[in-house]
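Structure data follow from structure-v5.tsv (TSV, C-alpha atoms and all ligand atoms):
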chain	number	residue	atom	x	y	z
C	1	MET	CA	128.19	93.91	97.42
C	2	LEU	CA	124.55	94.94	97.53
C	3	LEU	CA	122.12	94.22	94.71
C	4	ALA	CA	119.22	96.67	94.63
C	5	THR	CA	116.78	95.36	92.09
C	6	ASP	CA	113.40	96.09	90.63
C	7	LEU	CA	111.08	93.04	90.59
C	8	ASP	CA	108.72	92.86	87.59
C	9	GLY	CA	110.60	92.58	84.32
C	10	THR	CA	113.93	92.56	86.17
C	11	PHE	CA	114.53	90.19	89.11
C	12	LEU	CA	111.40	88.20	88.25
C	13	GLY	CA	112.06	88.30	84.50
C	14	GLY	CA	114.28	86.38	82.11
C	15	THR	CA	114.69	82.69	81.32
C	16	GLN	CA	114.12	80.00	83.94
C	17	GLU	CA	117.75	78.97	83.63
C	18	ASP	CA	119.01	82.50	84.40
C	19	LYS	CA	116.59	82.89	87.30
C	20	ASP	CA	117.70	79.58	88.81
C	21	LYS	CA	121.33	80.61	88.43
C	22	LEU	CA	120.87	84.06	89.98
C	23	TYR	CA	118.66	82.88	92.86
C	24	THR	CA	121.06	80.02	93.71
C	25	LEU	CA	123.97	82.46	93.67
C	26	LEU	CA	122.18	84.78	96.08
C	27	ASN	CA	120.97	81.99	98.35
C	28	ASN	CA	124.49	80.55	98.63
C	29	ASN	CA	126.41	83.78	99.04
C	30	GLU	CA	125.97	85.83	102.19
C	31	ASP	CA	128.35	88.47	100.87
C	32	ILE	CA	125.71	89.60	98.39
C	33	ARG	CA	123.11	91.67	100.20
C	34	LEU	CA	119.73	91.97	98.54
C	35	VAL	CA	117.24	94.83	98.43
C	36	PHE	CA	114.03	94.83	96.40
C	37	VAL	CA	113.09	98.21	94.91
C	38	THR	CA	109.63	97.98	93.43
C	39	GLY	CA	106.44	99.78	92.47
C	40	ARG	CA	104.44	97.06	94.19
C	41	GLY	CA	102.98	97.55	97.63
C	42	ILE	CA	104.32	95.61	100.62
C	43	ARG	CA	101.43	93.10	100.72
C	44	SER	CA	102.01	92.08	97.14
C	45	VAL	CA	105.74	91.58	97.79
C	46	LEU	CA	105.12	89.52	100.93
C	47	LYS	CA	102.64	87.37	99.04
C	48	LEU	CA	105.22	86.82	96.32
C	49	LEU	CA	107.80	85.71	98.89
C	50	GLU	CA	105.32	83.29	100.45
C	51	ASN	CA	104.59	81.50	97.23
C	52	THR	CA	108.04	81.05	95.74
C	53	SER	CA	111.58	80.01	96.42
C	54	LEU	CA	112.78	83.55	95.74
C	55	PRO	CA	115.79	84.66	97.77
C	56	LYS	CA	114.65	86.79	100.72
C	57	PRO	CA	115.81	90.40	100.62
C	58	GLU	CA	117.01	92.21	103.75
C	59	TYR	CA	115.05	95.32	102.84
C	60	ILE	CA	112.09	96.08	100.63
C	61	ILE	CA	111.68	99.53	99.15
C	62	CYS	CA	108.14	99.49	97.78
C	63	ASP	CA	105.55	101.95	96.49
C	64	VAL	CA	108.19	103.38	94.08
C	65	GLY	CA	110.27	104.55	97.04
C	66	ALA	CA	107.55	105.72	99.45
C	67	THR	CA	107.87	102.75	101.84
C	68	VAL	CA	111.11	101.33	103.24
C	69	THR	CA	110.80	98.12	105.25
C	70	HIS	CA	113.26	95.78	106.98
C	71	LEU	CA	112.11	92.31	105.99
C	72	PRO	CA	112.87	90.02	108.91
C	73	THR	CA	111.16	92.37	111.39
C	74	LEU	CA	108.71	94.08	108.99
C	75	MET	CA	109.64	97.32	110.75
C	76	ALA	CA	109.82	100.63	108.92
C	77	VAL	CA	113.41	101.80	108.44
C	78	GLU	CA	113.92	104.94	110.50
C	79	PRO	CA	114.52	107.81	110.20
C	80	VAL	CA	113.92	107.22	106.49
C	81	GLN	CA	110.21	106.38	106.77
C	82	SER	CA	109.31	109.31	109.03
C	83	GLY	CA	111.20	111.59	106.64
C	84	ILE	CA	108.99	110.39	103.78
C	85	ALA	CA	105.84	110.65	105.90
C	86	LYS	CA	106.63	114.28	106.68
C	87	LEU	CA	106.82	115.07	102.94
C	88	TRP	CA	103.41	113.53	102.17
C	89	PRO	CA	100.64	116.14	102.11
C	90	GLY	CA	97.95	113.72	103.36
C	91	ASP	CA	94.77	111.94	102.36
C	92	HIS	CA	93.41	114.93	100.44
C	93	VAL	CA	95.82	114.12	97.57
C	94	ARG	CA	93.52	111.41	96.23
C	95	GLU	CA	90.45	113.63	96.64
C	96	THR	CA	92.11	116.49	94.74
C	97	LEU	CA	93.20	114.23	91.87
C	98	LYS	CA	89.64	112.97	91.40
C	99	ASN	CA	88.98	115.93	89.11
C	100	VAL	CA	91.70	114.96	86.63
C	101	LYS	CA	90.37	113.40	83.45
C	102	GLY	CA	91.29	109.81	82.58
C	103	LEU	CA	93.04	108.72	85.79
C	104	LEU	CA	92.11	105.19	86.79
C	105	HIS	CA	92.79	104.49	90.45
C	106	GLN	CA	94.79	101.36	91.33
C	107	GLU	CA	93.25	99.60	94.29
C	108	ALA	CA	96.42	98.76	96.21
C	109	GLN	CA	96.48	100.06	99.79
C	110	GLN	CA	98.89	102.93	100.06
C	111	GLN	CA	100.08	105.31	102.72
C	112	TYR	CA	102.42	107.86	101.20
C	113	ARG	CA	101.64	107.51	97.51
C	114	CYS	CA	98.69	107.46	95.12
C	115	SER	CA	98.90	105.23	92.08
C	116	TYR	CA	96.85	105.18	88.92
C	117	TYR	CA	96.74	103.70	85.46
C	118	TYR	CA	96.84	106.11	82.56
C	119	ASP	CA	96.22	105.92	78.83
C	120	GLU	CA	95.96	108.23	75.83
C	121	THR	CA	92.77	109.81	77.23
C	122	THR	CA	94.48	110.92	80.47
C	123	ASP	CA	95.13	114.61	81.09
C	124	ILE	CA	98.73	114.08	82.19
C	125	GLU	CA	99.62	117.78	82.12
C	126	GLY	CA	96.58	118.51	84.29
C	127	ALA	CA	97.63	115.80	86.74
C	128	ARG	CA	101.17	117.21	86.78
C	129	LYS	CA	99.87	120.67	87.68
C	130	VAL	CA	97.69	119.34	90.49
C	131	ALA	CA	100.62	117.28	91.80
C	132	ALA	CA	102.93	120.29	91.73
C	133	ALA	CA	100.38	122.40	93.62
C	134	LEU	CA	100.27	119.67	96.28
C	135	GLN	CA	104.10	119.63	96.53
C	136	CYS	CA	104.19	116.19	94.93
C	137	ASP	CA	106.00	114.55	92.02
C	138	LEU	CA	104.36	112.65	89.18
C	139	ILE	CA	106.17	109.60	87.80
C	140	LEU	CA	105.11	107.74	84.65
C	141	SER	CA	106.31	104.21	83.98
C	142	ALA	CA	105.92	101.30	81.58
C	143	GLY	CA	103.42	103.25	79.45
C	144	LYS	CA	100.59	102.65	81.94
C	145	TYR	CA	101.52	103.49	85.55
C	146	LEU	CA	101.15	106.99	86.95
C	147	ASP	CA	102.32	107.61	90.50
C	148	ILE	CA	101.96	110.62	92.75
C	149	LEU	CA	104.73	110.70	95.35
C	150	PRO	CA	105.97	113.17	97.93
C	151	LYS	CA	108.29	115.71	96.30
C	152	GLY	CA	111.76	114.25	95.74
C	153	VAL	CA	110.73	110.74	96.82
C	154	ASN	CA	111.47	108.00	94.31
C	155	LYS	CA	113.41	104.73	94.08
C	156	GLY	CA	116.81	106.45	93.87
C	157	TYR	CA	116.06	108.70	96.84
C	158	ALA	CA	114.86	105.83	99.05
C	159	LEU	CA	117.85	103.68	98.16
C	160	GLN	CA	120.28	106.49	98.99
C	161	GLN	CA	118.55	107.08	102.31
C	162	LEU	CA	118.68	103.36	103.14
C	163	LEU	CA	122.39	103.15	102.27
C	164	GLY	CA	122.97	106.08	104.59
C	165	VAL	CA	121.40	104.11	107.45
C	166	LEU	CA	123.44	101.01	106.53
C	167	ALA	CA	126.61	103.12	106.14
C	168	LEU	CA	127.33	101.16	102.98
C	169	PRO	CA	129.58	102.81	100.39
C	170	HIS	CA	127.97	103.49	97.03
C	171	HIS	CA	130.63	101.69	95.00
C	172	LYS	CA	129.49	98.37	96.47
C	173	VAL	CA	126.01	98.80	95.01
C	174	LEU	CA	124.61	97.43	91.75
C	175	VAL	CA	121.15	98.63	90.72
C	176	ALA	CA	118.93	96.84	88.20
C	177	GLY	CA	115.73	97.85	86.44
C	178	ASP	CA	113.69	97.86	83.27
C	179	SER	CA	111.27	100.79	83.28
C	180	MET	CA	111.10	104.54	83.78
C	181	ASN	CA	110.34	104.42	87.51
C	182	ASP	CA	113.81	102.87	87.86
C	183	TYR	CA	115.49	105.86	86.21
C	184	THR	CA	116.29	107.70	89.46
C	185	MET	CA	118.41	104.75	90.63
C	186	TYR	CA	120.78	105.32	87.68
C	187	GLU	CA	120.55	109.09	87.95
C	188	THR	CA	121.98	108.96	91.47
C	189	GLY	CA	125.18	107.49	90.02
C	190	PHE	CA	125.09	103.89	91.23
C	191	LYS	CA	126.61	101.31	88.92
C	192	GLY	CA	123.67	99.77	87.20
C	193	VAL	CA	122.17	97.56	84.59
C	194	VAL	CA	119.21	98.21	82.34
C	195	VAL	CA	118.14	94.66	81.54
C	196	GLY	CA	117.21	93.51	78.04
C	197	ASP	CA	113.76	94.31	76.68
C	198	ALA	CA	113.52	97.42	78.90
C	199	GLU	CA	111.21	100.39	78.34
C	200	ARG	CA	112.53	102.33	75.34
C	201	GLU	CA	112.66	105.68	77.09
C	202	LEU	CA	114.76	104.23	79.91
C	203	VAL	CA	117.22	102.75	77.40
C	204	ALA	CA	117.47	106.12	75.63
C	205	ARG	CA	117.92	108.16	78.80
C	206	THR	CA	120.65	105.93	80.26
C	207	ALA	CA	122.50	105.33	76.98
C	208	ALA	CA	125.17	107.97	77.63
C	209	MET	CA	125.75	107.03	81.29
C	210	PRO	CA	129.18	105.38	81.60
C	211	HIS	CA	128.24	103.64	84.87
C	212	VAL	CA	125.22	101.89	83.32
C	213	LEU	CA	125.35	98.67	81.31
C	214	GLN	CA	122.61	98.09	78.80
C	215	ALA	CA	122.35	94.32	78.95
C	216	LEU	CA	121.36	92.06	76.09
C	217	ARG	CA	119.82	89.38	78.27
C	218	THR	CA	116.42	89.97	79.86
C	219	GLY	CA	115.55	89.95	83.57
C	220	ALA	CA	117.78	87.86	85.82
C	221	GLY	CA	120.08	87.19	82.86
C	222	GLY	CA	120.78	90.91	82.56
C	223	ILE	CA	121.75	91.06	86.24
C	224	LEU	CA	124.18	88.14	85.77
C	225	GLU	CA	125.54	89.85	82.65
C	226	ALA	CA	126.22	93.02	84.65
C	227	MET	CA	127.91	91.10	87.46
C	228	ALA	CA	130.27	89.61	84.89
C	229	PHE	CA	130.80	93.02	83.25
C	230	PHE	CA	131.81	95.07	86.31
C	231	PRO	CA	135.15	93.77	87.68
C	232	GLU	CA	134.23	94.62	91.28
C	233	PHE	CA	131.18	92.36	91.08
C	234	SER	CA	132.53	89.55	88.87
C	235	ILE	CA	134.46	88.11	91.82
C	236	TYR	CA	131.13	87.04	93.30
C	237	LEU	CA	130.40	84.96	90.21
C	238	GLU	CA	133.86	83.35	90.26
C	239	LYS	CA	133.39	82.28	93.86
C	240	GLU	CA	130.45	80.21	92.71
C	241	GLY	CA	132.81	78.39	90.31
H	301	MG	MG	110.00	96.60	86.26

The structure given in the file should be rewritten as C-alpha cells.
Amino acid sequence: MLLATDLDGTFLGGTQEDKDKLYTLLNNNEDIRLVFVTGRGIRSVLKLLENTSLPKPEYIICDVGATVTHLPTLMAVEPVQSGIAKLWPGDHVRETLKNVKGLLHQEAQQQYRCSYYYDETTDIEGARKVAAALQCDLILSAGKYLDILPKGVNKGYALQQLLGVLALPHHKVLVAGDSMNDYTMYETGFKGVVVGDAERELVARTAAMPHVLQALRTGAGGILEAMAFFPEFSIYLEKEG
C-alpha cells in the first residue's frame, strides 16, 4: 500500500503513543510506501526530517501540490514538475496580488505558488478575481492560509500525477488529512481518512463520501484507525502482530 499523508495536524499530530506506533510500523514495513503531501515548502520538510526520527518518505509533494520531489535524490519528479511549471503564469503573480487588501505574505521561498495569511479584513473575493484573471486557483485552509496555485494544481492533482508515474493502482492508496487544502485528495476518490479534530468544513464536505473515514482519534491515531477500518489495509497492521 501507499500512505499519502498531510503533515501538520495529521502525520505529525496525535498522541506520542500513536505516533510511536505508526512510525515504527512504517519503519519496519517496506510494503508500506510513504508520501508526504503538505502545504510546507521543501526546506521546511527537509529540516523536519533532519531533526527527528520520522520515517523517511519516498516522495514529498509540497507547496500544496506545486512541487513534487523524490526524496533520496532530491530530484523533481518528471514530467509532473514541468507540467506544473508550464501552468504557472510567472513572477508577476505576487506583484499583481499586492493590490489586494489584507493579504499578508508568507516568507517561505516558493517557485510555482504564492502563499499568504488571511483574516477577517482580507478581501478574499477580490483575491479570487485577481487569481482567476491570472489563470490561477485560490485555496483557503485552516482558517488562516490562502494559497495561489496554477489552475487545477492542488494536493489531489499532484498525487494523481505522481501515481501515474509510479504506475500504482489507486485502490492501494490511503490518503490522510485534517484541513481544507487536503480536500482534493478525497475528491479524487482515494480511500481516505479525515483525522480527529479536523477543520470543520473538511469534516462537513467529506461526510457523505463512502470512501472516507472520519476518524475519532487525532493525527497518527486517526491513520492507524483507518488502517484497521479498511480491510485491504488492516493486513499491514496484523503483520506487525
Ligand atoms: Mg494539516

Residue nearest ligand MG 301 (chain H) among C:Leu168, C:Leu216, C:Ala158, C:Ala198 (counting all atoms listed in the file)
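Nearest to ligand MG 301 (chain H): C:Ala198.
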
Original post:
Which of these, C:Gly41, C:Phe190, C:Asp182, C:Gln110, has the shortest distance to Pro169 of chain C once you count all atoms listed in the file?
Top reply: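 Going through C:Gly41, C:Phe190, C:Asp182, C:Gln110 one by one, the smallest distance to Pro169 of chain C is for C:Phe190.
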
Thr218 of chain C surroundings by all atoms listed in the file, 7 Å radius, close-in-sequence under 5 positions cut, as a count of residues only: 5

Kindly provide the residues of chain C that approach ligand MG 301 (chain H) to within 10 Å, each paired with its closest atom pair and their distance in Å to one decimal, based on only C-alpha atoms and all ligand atoms, listed by chain and increasing number, as CSV.
residue,atom,partner,partner_atom,distance
C:Thr5,CA,H:MG301,MG,9.0
C:Asp6,CA,H:MG301,MG,5.6
C:Leu7,CA,H:MG301,MG,5.7
C:Asp8,CA,H:MG301,MG,4.2
C:Gly9,CA,H:MG301,MG,4.5
C:Thr10,CA,H:MG301,MG,5.6
C:Phe11,CA,H:MG301,MG,8.4
C:Leu12,CA,H:MG301,MG,8.7
C:Gly13,CA,H:MG301,MG,8.7
C:Val37,CA,H:MG301,MG,9.3
C:Thr38,CA,H:MG301,MG,7.3
C:Gly39,CA,H:MG301,MG,7.8
C:Arg40,CA,H:MG301,MG,9.7
C:Ser141,CA,H:MG301,MG,8.8
C:Ala142,CA,H:MG301,MG,7.8
C:Ala176,CA,H:MG301,MG,9.1
C:Gly177,CA,H:MG301,MG,5.9
C:Asp178,CA,H:MG301,MG,4.9
C:Ser179,CA,H:MG301,MG,5.3
C:Met180,CA,H:MG301,MG,8.4
C:Asn181,CA,H:MG301,MG,7.9
C:Asp182,CA,H:MG301,MG,7.5
C:Val195,CA,H:MG301,MG,9.6
C:Ala198,CA,H:MG301,MG,8.2
C:Glu199,CA,H:MG301,MG,8.9
C:Gly219,CA,H:MG301,MG,9.1

Find the spatial neighbours of Met209 of chain C, counting only C-alpha atoms, within a cut-off of 12 Å - ignore same-chain residues fewer than 5 positions away - and output them as a PyMOL selection string.
chain C and resi 183+186-194+202-204+214

Expected file contents, prior selection, C-alpha atoms, as a PDB file, keeping the file's coordinate frame:
ATOM      1  CA  TYR C 183     115.490 105.860  86.210  1.00  0.00           C
ATOM      2  CA  TYR C 186     120.780 105.320  87.680  1.00  0.00           C
ATOM      3  CA  GLU C 187     120.550 109.090  87.950  1.00  0.00           C
ATOM      4  CA  THR C 188     121.980 108.960  91.470  1.00  0.00           C
ATOM      5  CA  GLY C 189     125.180 107.490  90.020  1.00  0.00           C
ATOM      6  CA  PHE C 190     125.090 103.890  91.230  1.00  0.00           C
ATOM      7  CA  LYS C 191     126.610 101.310  88.920  1.00  0.00           C
ATOM      8  CA  GLY C 192     123.670  99.770  87.200  1.00  0.00           C
ATOM      9  CA  VAL C 193     122.170  97.560  84.590  1.00  0.00           C
ATOM     10  CA  VAL C 194     119.210  98.210  82.340  1.00  0.00           C
ATOM     11  CA  LEU C 202     114.760 104.230  79.910  1.00  0.00           C
ATOM     12  CA  VAL C 203     117.220 102.750  77.400  1.00  0.00           C
ATOM     13  CA  ALA C 204     117.470 106.120  75.630  1.00  0.00           C
ATOM     14  CA  GLN C 214     122.610  98.090  78.800  1.00  0.00           C
TER      15      GLN C 214
END

* Asked: Could you list as a list in words every residue that has an atom within 12 Å of (106.0, 102.7, 108.3), using the file's coordinates and counting only C-alpha atoms?
  ->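 Using only C-alpha atoms, the matching residues come out as Ile42, Ile60, Ile61, Cys62, Asp63, Ala66, Thr67, Val68, Thr69, His70, Thr73, Leu74, Met75, Ala76, Val77, Glu78, Pro79, Val80, Gln81, Ser82, Gly83, Ile84, Ala85, Lys86, Gln110, Gln111 and Tyr112 of chain C.
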